[in-house]
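Pasted below: input.cif, mmCIF, C-alpha atoms.
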```cif
data_upload
#
loop_
_atom_site.group_PDB
_atom_site.id
_atom_site.type_symbol
_atom_site.label_atom_id
_atom_site.label_comp_id
_atom_site.auth_asym_id
_atom_site.auth_seq_id
_atom_site.Cartn_x
_atom_site.Cartn_y
_atom_site.Cartn_z
ATOM 1 C CA MET A 8 3.277 18.070 12.151
ATOM 2 C CA ASN A 9 -0.399 18.396 11.271
ATOM 3 C CA THR A 10 -1.731 15.167 9.748
ATOM 4 C CA ASP A 11 -5.386 16.255 9.456
ATOM 5 C CA LEU A 12 -4.987 18.130 6.180
ATOM 6 C CA LEU A 13 -7.599 18.670 3.490
ATOM 7 C CA PHE A 14 -7.383 16.733 0.227
ATOM 8 C CA GLU A 15 -10.190 16.844 -2.330
ATOM 9 C CA PHE A 16 -10.181 15.580 -5.917
ATOM 10 C CA THR A 17 -13.406 16.052 -7.864
ATOM 11 C CA VAL A 18 -14.281 15.778 -11.536
ATOM 12 C CA ASP A 19 -17.029 17.607 -13.412
ATOM 13 C CA LYS A 20 -17.181 15.685 -16.683
ATOM 14 C CA ALA A 21 -19.840 17.993 -18.152
ATOM 15 C CA LYS A 22 -17.489 20.965 -17.681
ATOM 16 C CA LYS A 23 -14.370 18.922 -18.643
ATOM 17 C CA THR A 24 -12.830 20.172 -15.404
ATOM 18 C CA VAL A 25 -10.924 18.637 -12.493
ATOM 19 C CA TYR A 26 -10.801 20.392 -9.104
ATOM 20 C CA ILE A 27 -8.050 19.568 -6.624
ATOM 21 C CA THR A 28 -7.595 21.123 -3.188
ATOM 22 C CA ARG A 29 -4.729 20.107 -0.931
ATOM 23 C CA GLU A 30 -3.382 21.570 2.297
ATOM 24 C CA PHE A 31 0.251 21.410 3.399
ATOM 25 C CA ASP A 32 1.756 22.003 6.823
ATOM 26 C CA ALA A 33 4.272 24.499 5.452
ATOM 27 C CA PRO A 34 4.521 28.231 4.814
ATOM 28 C CA ILE A 35 3.174 29.568 1.529
ATOM 29 C CA SER A 36 6.626 30.694 0.348
ATOM 30 C CA MET A 37 7.973 27.146 0.617
ATOM 31 C CA VAL A 38 4.957 25.605 -1.152
ATOM 32 C CA TRP A 39 5.082 28.268 -3.883
ATOM 33 C CA ASP A 40 8.769 27.516 -4.477
ATOM 34 C CA ALA A 41 8.021 23.792 -4.730
ATOM 35 C CA PHE A 42 5.538 24.491 -7.544
ATOM 36 C CA THR A 43 7.630 27.082 -9.380
ATOM 37 C CA LYS A 44 11.330 26.181 -9.125
ATOM 38 C CA GLN A 45 12.831 23.581 -11.426
ATOM 39 C CA GLU A 46 15.236 22.200 -8.833
ATOM 40 C CA LEU A 47 12.283 21.378 -6.544
ATOM 41 C CA LEU A 48 9.748 20.291 -9.183
ATOM 42 C CA ASP A 49 12.015 17.488 -10.358
ATOM 43 C CA HIS A 50 12.017 16.056 -6.807
ATOM 44 C CA TRP A 51 8.281 15.480 -6.509
ATOM 45 C CA THR A 52 6.326 15.699 -9.785
ATOM 46 C CA ALA A 53 6.625 12.070 -10.859
ATOM 47 C CA PRO A 54 5.034 9.100 -9.076
ATOM 48 C CA ALA A 55 7.496 6.321 -8.187
ATOM 49 C CA PRO A 56 9.054 4.442 -9.901
ATOM 50 C CA PHE A 57 9.089 7.319 -12.432
ATOM 51 C CA VAL A 58 11.322 10.375 -12.065
ATOM 52 C CA ALA A 59 10.829 13.871 -13.478
ATOM 53 C CA ARG A 60 13.541 15.473 -15.574
ATOM 54 C CA THR A 61 13.203 19.065 -16.739
ATOM 55 C CA LYS A 62 14.937 19.884 -20.021
ATOM 56 C CA TYR A 63 14.330 23.625 -19.566
ATOM 57 C CA MET A 64 12.136 25.950 -17.543
ATOM 58 C CA ASN A 65 11.554 29.673 -17.588
ATOM 59 C CA PHE A 66 8.958 30.623 -14.952
ATOM 60 C CA GLU A 67 7.659 33.911 -16.326
ATOM 61 C CA VAL A 68 4.610 34.913 -18.358
ATOM 62 C CA GLY A 69 5.156 33.392 -21.805
ATOM 63 C CA GLY A 70 7.912 31.146 -20.428
ATOM 64 C CA LYS A 71 7.841 27.369 -20.717
ATOM 65 C CA ARG A 72 8.827 24.190 -18.931
ATOM 66 C CA LEU A 73 9.639 21.134 -21.037
ATOM 67 C CA TYR A 74 9.997 17.990 -18.973
ATOM 68 C CA ALA A 75 9.799 14.223 -19.125
ATOM 69 C CA MET A 76 8.544 11.556 -16.801
ATOM 70 C CA VAL A 77 11.116 8.825 -17.124
ATOM 71 C CA GLY A 78 10.241 5.213 -16.326
ATOM 72 C CA PRO A 79 12.558 2.647 -14.731
ATOM 73 C CA GLU A 80 13.502 1.265 -18.173
ATOM 74 C CA GLY A 81 14.264 4.767 -19.469
ATOM 75 C CA LYS A 82 11.047 5.312 -21.459
ATOM 76 C CA GLU A 83 10.175 9.028 -21.576
ATOM 77 C CA GLY A 84 6.762 10.695 -21.605
ATOM 78 C CA TRP A 85 7.109 14.407 -22.446
ATOM 79 C CA ALA A 86 4.957 17.420 -21.568
ATOM 80 C CA ILE A 87 5.232 21.143 -22.185
ATOM 81 C CA GLN A 88 3.812 23.870 -19.989
ATOM 82 C CA GLU A 89 3.446 27.530 -20.955
ATOM 83 C CA TYR A 90 2.929 30.073 -18.188
ATOM 84 C CA MET A 91 0.000 32.369 -19.006
ATOM 85 C CA SER A 92 -0.196 34.551 -15.867
ATOM 86 C CA ILE A 93 1.700 34.824 -12.589
ATOM 87 C CA THR A 94 0.873 36.659 -9.362
ATOM 88 C CA PRO A 95 3.790 35.801 -7.039
ATOM 89 C CA THR A 96 2.943 33.478 -4.125
ATOM 90 C CA THR A 97 -0.823 33.484 -4.752
ATOM 91 C CA HIS A 98 -1.657 32.377 -8.313
ATOM 92 C CA PHE A 99 -0.346 31.177 -11.631
ATOM 93 C CA LYS A 100 -1.973 29.794 -14.747
ATOM 94 C CA MET A 101 -0.424 27.587 -17.378
ATOM 95 C CA PHE A 102 -1.317 25.605 -20.475
ATOM 96 C CA ASN A 103 -0.157 21.973 -20.370
ATOM 97 C CA ALA A 104 0.063 19.494 -23.250
ATOM 98 C CA PHE A 105 1.707 16.178 -23.995
ATOM 99 C CA CYS A 106 4.450 16.614 -26.572
ATOM 100 C CA ASP A 107 7.528 15.098 -28.133
ATOM 101 C CA LYS A 108 11.069 15.538 -26.764
ATOM 102 C CA ASP A 109 11.428 18.769 -28.770
ATOM 103 C CA GLY A 110 8.314 20.370 -27.256
ATOM 104 C CA ASN A 111 5.972 19.924 -30.241
ATOM 105 C CA PRO A 112 2.568 19.580 -28.525
ATOM 106 C CA GLU A 113 -0.314 17.226 -29.233
ATOM 107 C CA GLN A 114 -3.475 18.793 -30.594
ATOM 108 C CA HIS A 115 -5.304 19.179 -27.268
ATOM 109 C CA GLY A 116 -4.122 20.154 -23.813
ATOM 110 C CA SER A 117 -5.422 21.591 -20.576
ATOM 111 C CA GLU A 118 -5.410 24.891 -18.691
ATOM 112 C CA TRP A 119 -4.243 24.730 -15.088
ATOM 113 C CA ASP A 120 -5.094 27.477 -12.568
ATOM 114 C CA TYR A 121 -3.180 27.287 -9.272
ATOM 115 C CA TYR A 122 -4.334 29.300 -6.241
ATOM 116 C CA PHE A 123 -2.277 29.505 -3.026
ATOM 117 C CA SER A 124 -3.386 30.776 0.389
ATOM 118 C CA GLU A 125 -2.095 30.418 3.934
ATOM 119 C CA GLN A 126 -3.779 30.460 7.315
ATOM 120 C CA ASP A 127 -2.110 29.638 10.631
ATOM 121 C CA GLY A 128 0.916 28.091 8.908
ATOM 122 C CA ILE A 129 -1.187 25.787 6.702
ATOM 123 C CA THR A 130 -0.954 26.451 2.967
ATOM 124 C CA LYS A 131 -3.894 25.539 0.778
ATOM 125 C CA VAL A 132 -3.362 24.889 -2.921
ATOM 126 C CA HIS A 133 -6.466 24.870 -5.087
ATOM 127 C CA ILE A 134 -6.020 23.694 -8.682
ATOM 128 C CA VAL A 135 -8.606 23.947 -11.453
ATOM 129 C CA ILE A 136 -7.787 21.958 -14.599
ATOM 130 C CA TYR A 137 -9.889 22.606 -17.692
ATOM 131 C CA ASN A 138 -9.436 20.101 -20.527
ATOM 132 C CA GLU A 139 -9.964 21.260 -24.107
ATOM 133 C CA SER A 140 -11.104 17.783 -25.105
ATOM 134 C CA PHE A 141 -13.484 15.505 -23.197
ATOM 135 C CA GLU A 142 -11.856 12.513 -24.899
ATOM 136 C CA ARG A 143 -8.405 13.591 -23.706
ATOM 137 C CA MET A 144 -9.705 13.960 -20.156
ATOM 138 C CA GLU A 145 -11.367 10.546 -20.243
ATOM 139 C CA ARG A 146 -8.202 8.933 -21.637
ATOM 140 C CA VAL A 147 -5.928 10.177 -18.845
ATOM 141 C CA LEU A 148 -8.261 10.633 -15.873
ATOM 142 C CA GLU A 149 -7.861 7.384 -13.913
ATOM 143 C CA GLY A 150 -4.089 7.239 -14.190
ATOM 144 C CA PHE A 151 -3.855 10.985 -13.600
ATOM 145 C CA GLN A 152 -5.796 10.828 -10.332
ATOM 146 C CA GLN A 153 -3.614 8.022 -8.981
ATOM 147 C CA GLY A 154 -0.391 9.596 -10.203
ATOM 148 C CA PHE A 155 -1.178 13.122 -9.044
ATOM 149 C CA THR A 156 -2.231 11.868 -5.610
ATOM 150 C CA ALA A 157 1.136 10.082 -5.339
ATOM 151 C CA THR A 158 3.051 13.185 -6.399
ATOM 152 C CA LEU A 159 1.312 15.276 -3.741
ATOM 153 C CA LYS A 160 2.537 12.766 -1.146
ATOM 154 C CA ASN A 161 6.034 13.213 -2.621
ATOM 155 C CA LEU A 162 5.602 16.965 -2.221
ATOM 156 C CA GLU A 163 4.542 16.580 1.394
ATOM 157 C CA ALA A 164 7.695 14.567 2.122
ATOM 158 C CA LEU A 165 9.848 17.157 0.306
ATOM 159 C CA LEU A 166 8.329 19.972 2.377
ATOM 160 C CA VAL A 167 9.163 18.108 5.590
ATOM 161 C CA THR A 168 12.766 17.745 4.398
ATOM 162 C CA LEU A 169 12.978 21.426 3.400
ATOM 163 C CA SER A 170 11.543 22.576 6.728
ATOM 164 C CA LYS A 171 14.397 20.807 8.553
ATOM 165 C CA LYS A 172 17.087 22.754 6.663
#
```

Conversion result in structure tokens:
Amino acid sequence: MNTDLLFEFTVDKAKKTVYITREFDAPISMVWDAFTKQELLDHWTAPAPFVARTKYMNFEVGGKRLYAMVGPEGKEGWAIQEYMSITPTTHFKMFNAFCDKDGNPEQHGSEWDYYFSEQDGITKVHIVIYNESFERMERVLEGFQQGFTATLKNLEALLVTLSKK
């Protein structure tokens, strides 16, 4: 297993944008599935001790995923994602917002662009996150960076498990 994999997390506050690039020692089809299939997303998209629980997901243009991050005491933090464009195995774009358990979003959210490429068995995922509100970005940035970094480690472990099947 390759342990010398790229991971970059940069923030351009003036552009209200976060850039994340991460490589995985796995084929693009497996990484794509991990980002686009409910049964896999719930295994890695919450940093411990939280768990992710998807209420519903329809991965198609105009489709949505409503999910919660559930804490150890059962407290839920909800988010809704709407898929804006999909090019299978190479790109998808979605709008993400915090919401209530019924999917009613907060006023501001963020646009997420995911790009996937593979070279020599290493899949690179490049994510561009544009925040509608600078204040929203500032409010969540520190915790988001720590949490998202942890979830990517969860994903790496999941990919190792999947590759052994």

Hey, can you pull every residue with an atom no more than 12 Å from (-10.3, 21.7, 8.4), using only C-alpha atoms, and send it as an mmCIF file with C-alpha atoms, keeping the file's coordinate frame?
```
data_model
loop_
_atom_site.group_PDB
_atom_site.id
_atom_site.type_symbol
_atom_site.label_atom_id
_atom_site.label_comp_id
_atom_site.auth_asym_id
_atom_site.auth_seq_id
_atom_site.Cartn_x
_atom_site.Cartn_y
_atom_site.Cartn_z
ATOM 1 C CA ASN A 9 -0.399 18.396 11.271
ATOM 2 C CA THR A 10 -1.731 15.167 9.748
ATOM 3 C CA ASP A 11 -5.386 16.255 9.456
ATOM 4 C CA LEU A 12 -4.987 18.130 6.180
ATOM 5 C CA LEU A 13 -7.599 18.670 3.490
ATOM 6 C CA PHE A 14 -7.383 16.733 0.227
ATOM 7 C CA GLU A 15 -10.190 16.844 -2.330
ATOM 8 C CA THR A 28 -7.595 21.123 -3.188
ATOM 9 C CA ARG A 29 -4.729 20.107 -0.931
ATOM 10 C CA GLU A 30 -3.382 21.570 2.297
ATOM 11 C CA PHE A 31 0.251 21.410 3.399
ATOM 12 C CA GLN A 126 -3.779 30.460 7.315
ATOM 13 C CA ASP A 127 -2.110 29.638 10.631
ATOM 14 C CA ILE A 129 -1.187 25.787 6.702
ATOM 15 C CA THR A 130 -0.954 26.451 2.967
ATOM 16 C CA LYS A 131 -3.894 25.539 0.778
#
```

Take the point (10.6, 20.9, -19.4) as written in the file and pick out every residue within 7 Å of it, counting all atoms listed in the file; give the list as a list of chain:residue names.
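Checked against the point, the hits come out as A:Thr61, A:Lys62, A:Tyr63, A:Met64, A:Arg72, A:Leu73, A:Tyr74, A:Ala75, A:Ala86, A:Ile87.
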
Output for the residues just chosen: C-alpha atoms as a PDB file, keeping the file's coordinate frame:
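Saved file result-v6.pdb follows:
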```pdb
ATOM      1  CA  THR A  61      13.203  19.065 -16.739  1.00  0.00           C
ATOM      2  CA  LYS A  62      14.937  19.884 -20.021  1.00  0.00           C
ATOM      3  CA  TYR A  63      14.330  23.625 -19.566  1.00  0.00           C
ATOM      4  CA  MET A  64      12.136  25.950 -17.543  1.00  0.00           C
ATOM      5  CA  ARG A  72       8.827  24.190 -18.931  1.00  0.00           C
ATOM      6  CA  LEU A  73       9.639  21.134 -21.037  1.00  0.00           C
ATOM      7  CA  TYR A  74       9.997  17.990 -18.973  1.00  0.00           C
ATOM      8  CA  ALA A  75       9.799  14.223 -19.125  1.00  0.00           C
ATOM      9  CA  ALA A  86       4.957  17.420 -21.568  1.00  0.00           C
ATOM     10  CA  ILE A  87       5.232  21.143 -22.185  1.00  0.00           C
TER      11      ILE A  87
END
```

Shortest interatomic distance to Ile27 of chain A - which of A:Ala59, A:Ile134, A:Ala164, A:Val68, counting all atoms listed in the file
A:Ile134

Just the number, please: distance in Å from atom CA of Thr43 of chain A to atom CA of His133 of chain A, one decimal.
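Between these atoms lies a distance of 14.9 Å.
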
Nearest to Asp32 of chain A: which of A:Gly110, A:Gly128, A:Pro79, A:Gly69 is it, counting all atoms listed in the file?
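Of all the options, A:Gly128 lies closest to Asp32 of chain A.
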
Atom CA of His98 of chain A to atom CA of Thr156 of chain A, distance in Å rounded to a single decimal:
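Separation of atom CA of His98 of chain A and atom CA of Thr156 of chain A: 20.7 Å.
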
Neighbouring residues of Val77 of chain A were defined as those with any atom within 8 Å, considering all atoms listed in the file; residues of the same chain fewer than 5 positions away were excluded. Please report them as an MDAnalysis selection string.
chainID A and resid 57:60 82:84

Would you write out, as a PyMOL selection string, every residue that the PyMOL selection byres ((chain A and resi 93) around 12) captures in this file?
chain A and resi 39+43+66-70+89-92+94-101+119-123

Please write the residues from the selection above to a file, keeping C-alpha atoms, as a PDB file, in the frame of the given file.
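The result, stored in selection.pdb:
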```pdb
ATOM      1  CA  TRP A  39       5.082  28.268  -3.883  1.00  0.00           C
ATOM      2  CA  THR A  43       7.630  27.082  -9.380  1.00  0.00           C
ATOM      3  CA  PHE A  66       8.958  30.623 -14.952  1.00  0.00           C
ATOM      4  CA  GLU A  67       7.659  33.911 -16.326  1.00  0.00           C
ATOM      5  CA  VAL A  68       4.610  34.913 -18.358  1.00  0.00           C
ATOM      6  CA  GLY A  69       5.156  33.392 -21.805  1.00  0.00           C
ATOM      7  CA  GLY A  70       7.912  31.146 -20.428  1.00  0.00           C
ATOM      8  CA  GLU A  89       3.446  27.530 -20.955  1.00  0.00           C
ATOM      9  CA  TYR A  90       2.929  30.073 -18.188  1.00  0.00           C
ATOM     10  CA  MET A  91       0.000  32.369 -19.006  1.00  0.00           C
ATOM     11  CA  SER A  92      -0.196  34.551 -15.867  1.00  0.00           C
ATOM     12  CA  THR A  94       0.873  36.659  -9.362  1.00  0.00           C
ATOM     13  CA  PRO A  95       3.790  35.801  -7.039  1.00  0.00           C
ATOM     14  CA  THR A  96       2.943  33.478  -4.125  1.00  0.00           C
ATOM     15  CA  THR A  97      -0.823  33.484  -4.752  1.00  0.00           C
ATOM     16  CA  HIS A  98      -1.657  32.377  -8.313  1.00  0.00           C
ATOM     17  CA  PHE A  99      -0.346  31.177 -11.631  1.00  0.00           C
ATOM     18  CA  LYS A 100      -1.973  29.794 -14.747  1.00  0.00           C
ATOM     19  CA  MET A 101      -0.424  27.587 -17.378  1.00  0.00           C
ATOM     20  CA  TRP A 119      -4.243  24.730 -15.088  1.00  0.00           C
ATOM     21  CA  ASP A 120      -5.094  27.477 -12.568  1.00  0.00           C
ATOM     22  CA  TYR A 121      -3.180  27.287  -9.272  1.00  0.00           C
ATOM     23  CA  TYR A 122      -4.334  29.300  -6.241  1.00  0.00           C
ATOM     24  CA  PHE A 123      -2.277  29.505  -3.026  1.00  0.00           C
TER      25      PHE A 123
END
```

To test your reading of the syntax: which residues would the PyMOL selection byres ((chain A and resi 165) around 12) return for the file shown? Reply as number ranges by chain.
A: 31-33, 37-38, 40-42, 46-52, 158-164, 166-172

Got a minute to add N, CA and C atoms to segment 20-50 of chain A and dump it as a PDB file, in the coordinates of the input?
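The file below, selection27.pdb, is the result:
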```
ATOM      1  N   LYS A  20     -17.357  16.117 -15.293  1.00  0.00           N
ATOM      2  CA  LYS A  20     -17.181  15.685 -16.683  1.00  0.00           C
ATOM      3  C   LYS A  20     -17.918  16.600 -17.652  1.00  0.00           C
ATOM      4  N   ALA A  21     -19.078  17.110 -17.270  1.00  0.00           N
ATOM      5  CA  ALA A  21     -19.840  17.993 -18.152  1.00  0.00           C
ATOM      6  C   ALA A  21     -19.054  19.271 -18.459  1.00  0.00           C
ATOM      7  N   LYS A  22     -18.284  19.755 -17.487  1.00  0.00           N
ATOM      8  CA  LYS A  22     -17.489  20.965 -17.681  1.00  0.00           C
ATOM      9  C   LYS A  22     -16.052  20.655 -18.116  1.00  0.00           C
ATOM     10  N   LYS A  23     -15.724  19.367 -18.259  1.00  0.00           N
ATOM     11  CA  LYS A  23     -14.370  18.922 -18.643  1.00  0.00           C
ATOM     12  C   LYS A  23     -13.321  19.491 -17.681  1.00  0.00           C
ATOM     13  N   THR A  24     -13.670  19.507 -16.402  1.00  0.00           N
ATOM     14  CA  THR A  24     -12.830  20.172 -15.404  1.00  0.00           C
ATOM     15  C   THR A  24     -12.579  19.277 -14.198  1.00  0.00           C
ATOM     16  N   VAL A  25     -11.337  19.336 -13.712  1.00  0.00           N
ATOM     17  CA  VAL A  25     -10.924  18.637 -12.493  1.00  0.00           C
ATOM     18  C   VAL A  25     -10.605  19.704 -11.455  1.00  0.00           C
ATOM     19  N   TYR A  26     -11.059  19.478 -10.219  1.00  0.00           N
ATOM     20  CA  TYR A  26     -10.801  20.392  -9.104  1.00  0.00           C
ATOM     21  C   TYR A  26     -10.010  19.635  -8.041  1.00  0.00           C
ATOM     22  N   ILE A  27      -8.884  20.192  -7.646  1.00  0.00           N
ATOM     23  CA  ILE A  27      -8.050  19.568  -6.624  1.00  0.00           C
ATOM     24  C   ILE A  27      -7.757  20.617  -5.557  1.00  0.00           C
ATOM     25  N   THR A  28      -7.968  20.254  -4.300  1.00  0.00           N
ATOM     26  CA  THR A  28      -7.595  21.123  -3.188  1.00  0.00           C
ATOM     27  C   THR A  28      -6.770  20.293  -2.219  1.00  0.00           C
ATOM     28  N   ARG A  29      -5.622  20.834  -1.840  1.00  0.00           N
ATOM     29  CA  ARG A  29      -4.729  20.107  -0.931  1.00  0.00           C
ATOM     30  C   ARG A  29      -4.083  21.099   0.015  1.00  0.00           C
ATOM     31  N   GLU A  30      -4.053  20.755   1.289  1.00  0.00           N
ATOM     32  CA  GLU A  30      -3.382  21.570   2.297  1.00  0.00           C
ATOM     33  C   GLU A  30      -2.034  20.949   2.639  1.00  0.00           C
ATOM     34  N   PHE A  31      -1.085  21.831   2.994  1.00  0.00           N
ATOM     35  CA  PHE A  31       0.251  21.410   3.399  1.00  0.00           C
ATOM     36  C   PHE A  31       0.630  22.143   4.667  1.00  0.00           C
ATOM     37  N   ASP A  32       1.281  21.422   5.567  1.00  0.00           N
ATOM     38  CA  ASP A  32       1.756  22.003   6.823  1.00  0.00           C
ATOM     39  C   ASP A  32       3.111  22.660   6.574  1.00  0.00           C
ATOM     40  N   ALA A  33       3.054  23.786   5.846  1.00  0.00           N
ATOM     41  CA  ALA A  33       4.272  24.499   5.452  1.00  0.00           C
ATOM     42  C   ALA A  33       3.884  25.923   5.074  1.00  0.00           C
ATOM     43  N   PRO A  34       4.820  26.849   5.194  1.00  0.00           N
ATOM     44  CA  PRO A  34       4.521  28.231   4.814  1.00  0.00           C
ATOM     45  C   PRO A  34       4.310  28.372   3.307  1.00  0.00           C
ATOM     46  N   ILE A  35       3.528  29.358   2.933  1.00  0.00           N
ATOM     47  CA  ILE A  35       3.174  29.568   1.529  1.00  0.00           C
ATOM     48  C   ILE A  35       4.410  29.770   0.657  1.00  0.00           C
ATOM     49  N   SER A  36       5.427  30.447   1.155  1.00  0.00           N
ATOM     50  CA  SER A  36       6.626  30.694   0.348  1.00  0.00           C
ATOM     51  C   SER A  36       7.313  29.383  -0.037  1.00  0.00           C
ATOM     52  N   MET A  37       7.334  28.436   0.886  1.00  0.00           N
ATOM     53  CA  MET A  37       7.973  27.146   0.617  1.00  0.00           C
ATOM     54  C   MET A  37       7.149  26.327  -0.392  1.00  0.00           C
ATOM     55  N   VAL A  38       5.828  26.350  -0.234  1.00  0.00           N
ATOM     56  CA  VAL A  38       4.957  25.605  -1.152  1.00  0.00           C
ATOM     57  C   VAL A  38       5.017  26.238  -2.542  1.00  0.00           C
ATOM     58  N   TRP A  39       4.972  27.557  -2.602  1.00  0.00           N
ATOM     59  CA  TRP A  39       5.082  28.268  -3.883  1.00  0.00           C
ATOM     60  C   TRP A  39       6.375  27.876  -4.605  1.00  0.00           C
ATOM     61  N   ASP A  40       7.485  27.889  -3.880  1.00  0.00           N
ATOM     62  CA  ASP A  40       8.769  27.516  -4.477  1.00  0.00           C
ATOM     63  C   ASP A  40       8.731  26.094  -5.020  1.00  0.00           C
ATOM     64  N   ALA A  41       8.083  25.188  -4.293  1.00  0.00           N
ATOM     65  CA  ALA A  41       8.021  23.792  -4.730  1.00  0.00           C
ATOM     66  C   ALA A  41       7.263  23.638  -6.051  1.00  0.00           C
ATOM     67  N   PHE A  42       6.315  24.540  -6.303  1.00  0.00           N
ATOM     68  CA  PHE A  42       5.538  24.491  -7.544  1.00  0.00           C
ATOM     69  C   PHE A  42       6.161  25.303  -8.680  1.00  0.00           C
ATOM     70  N   THR A  43       7.161  26.137  -8.370  1.00  0.00           N
ATOM     71  CA  THR A  43       7.630  27.082  -9.380  1.00  0.00           C
ATOM     72  C   THR A  43       9.138  27.053  -9.631  1.00  0.00           C
ATOM     73  N   LYS A  44       9.882  26.247  -8.925  1.00  0.00           N
ATOM     74  CA  LYS A  44      11.330  26.181  -9.125  1.00  0.00           C
ATOM     75  C   LYS A  44      11.725  24.808  -9.648  1.00  0.00           C
ATOM     76  N   GLN A  45      12.451  24.823 -10.755  1.00  0.00           N
ATOM     77  CA  GLN A  45      12.831  23.581 -11.426  1.00  0.00           C
ATOM     78  C   GLN A  45      13.528  22.604 -10.490  1.00  0.00           C
ATOM     79  N   GLU A  46      14.463  23.095  -9.685  1.00  0.00           N
ATOM     80  CA  GLU A  46      15.236  22.200  -8.833  1.00  0.00           C
ATOM     81  C   GLU A  46      14.366  21.485  -7.793  1.00  0.00           C
ATOM     82  N   LEU A  47      13.203  22.037  -7.476  1.00  0.00           N
ATOM     83  CA  LEU A  47      12.283  21.378  -6.544  1.00  0.00           C
ATOM     84  C   LEU A  47      11.250  20.537  -7.293  1.00  0.00           C
ATOM     85  N   LEU A  48      10.749  21.038  -8.406  1.00  0.00           N
ATOM     86  CA  LEU A  48       9.748  20.291  -9.183  1.00  0.00           C
ATOM     87  C   LEU A  48      10.234  18.891  -9.552  1.00  0.00           C
ATOM     88  N   ASP A  49      11.490  18.786  -9.949  1.00  0.00           N
ATOM     89  CA  ASP A  49      12.015  17.488 -10.358  1.00  0.00           C
ATOM     90  C   ASP A  49      12.087  16.485  -9.210  1.00  0.00           C
ATOM     91  N   HIS A  50      11.974  16.958  -7.966  1.00  0.00           N
ATOM     92  CA  HIS A  50      12.017  16.056  -6.807  1.00  0.00           C
ATOM     93  C   HIS A  50      10.665  15.425  -6.481  1.00  0.00           C
TER      94      HIS A  50
END
```
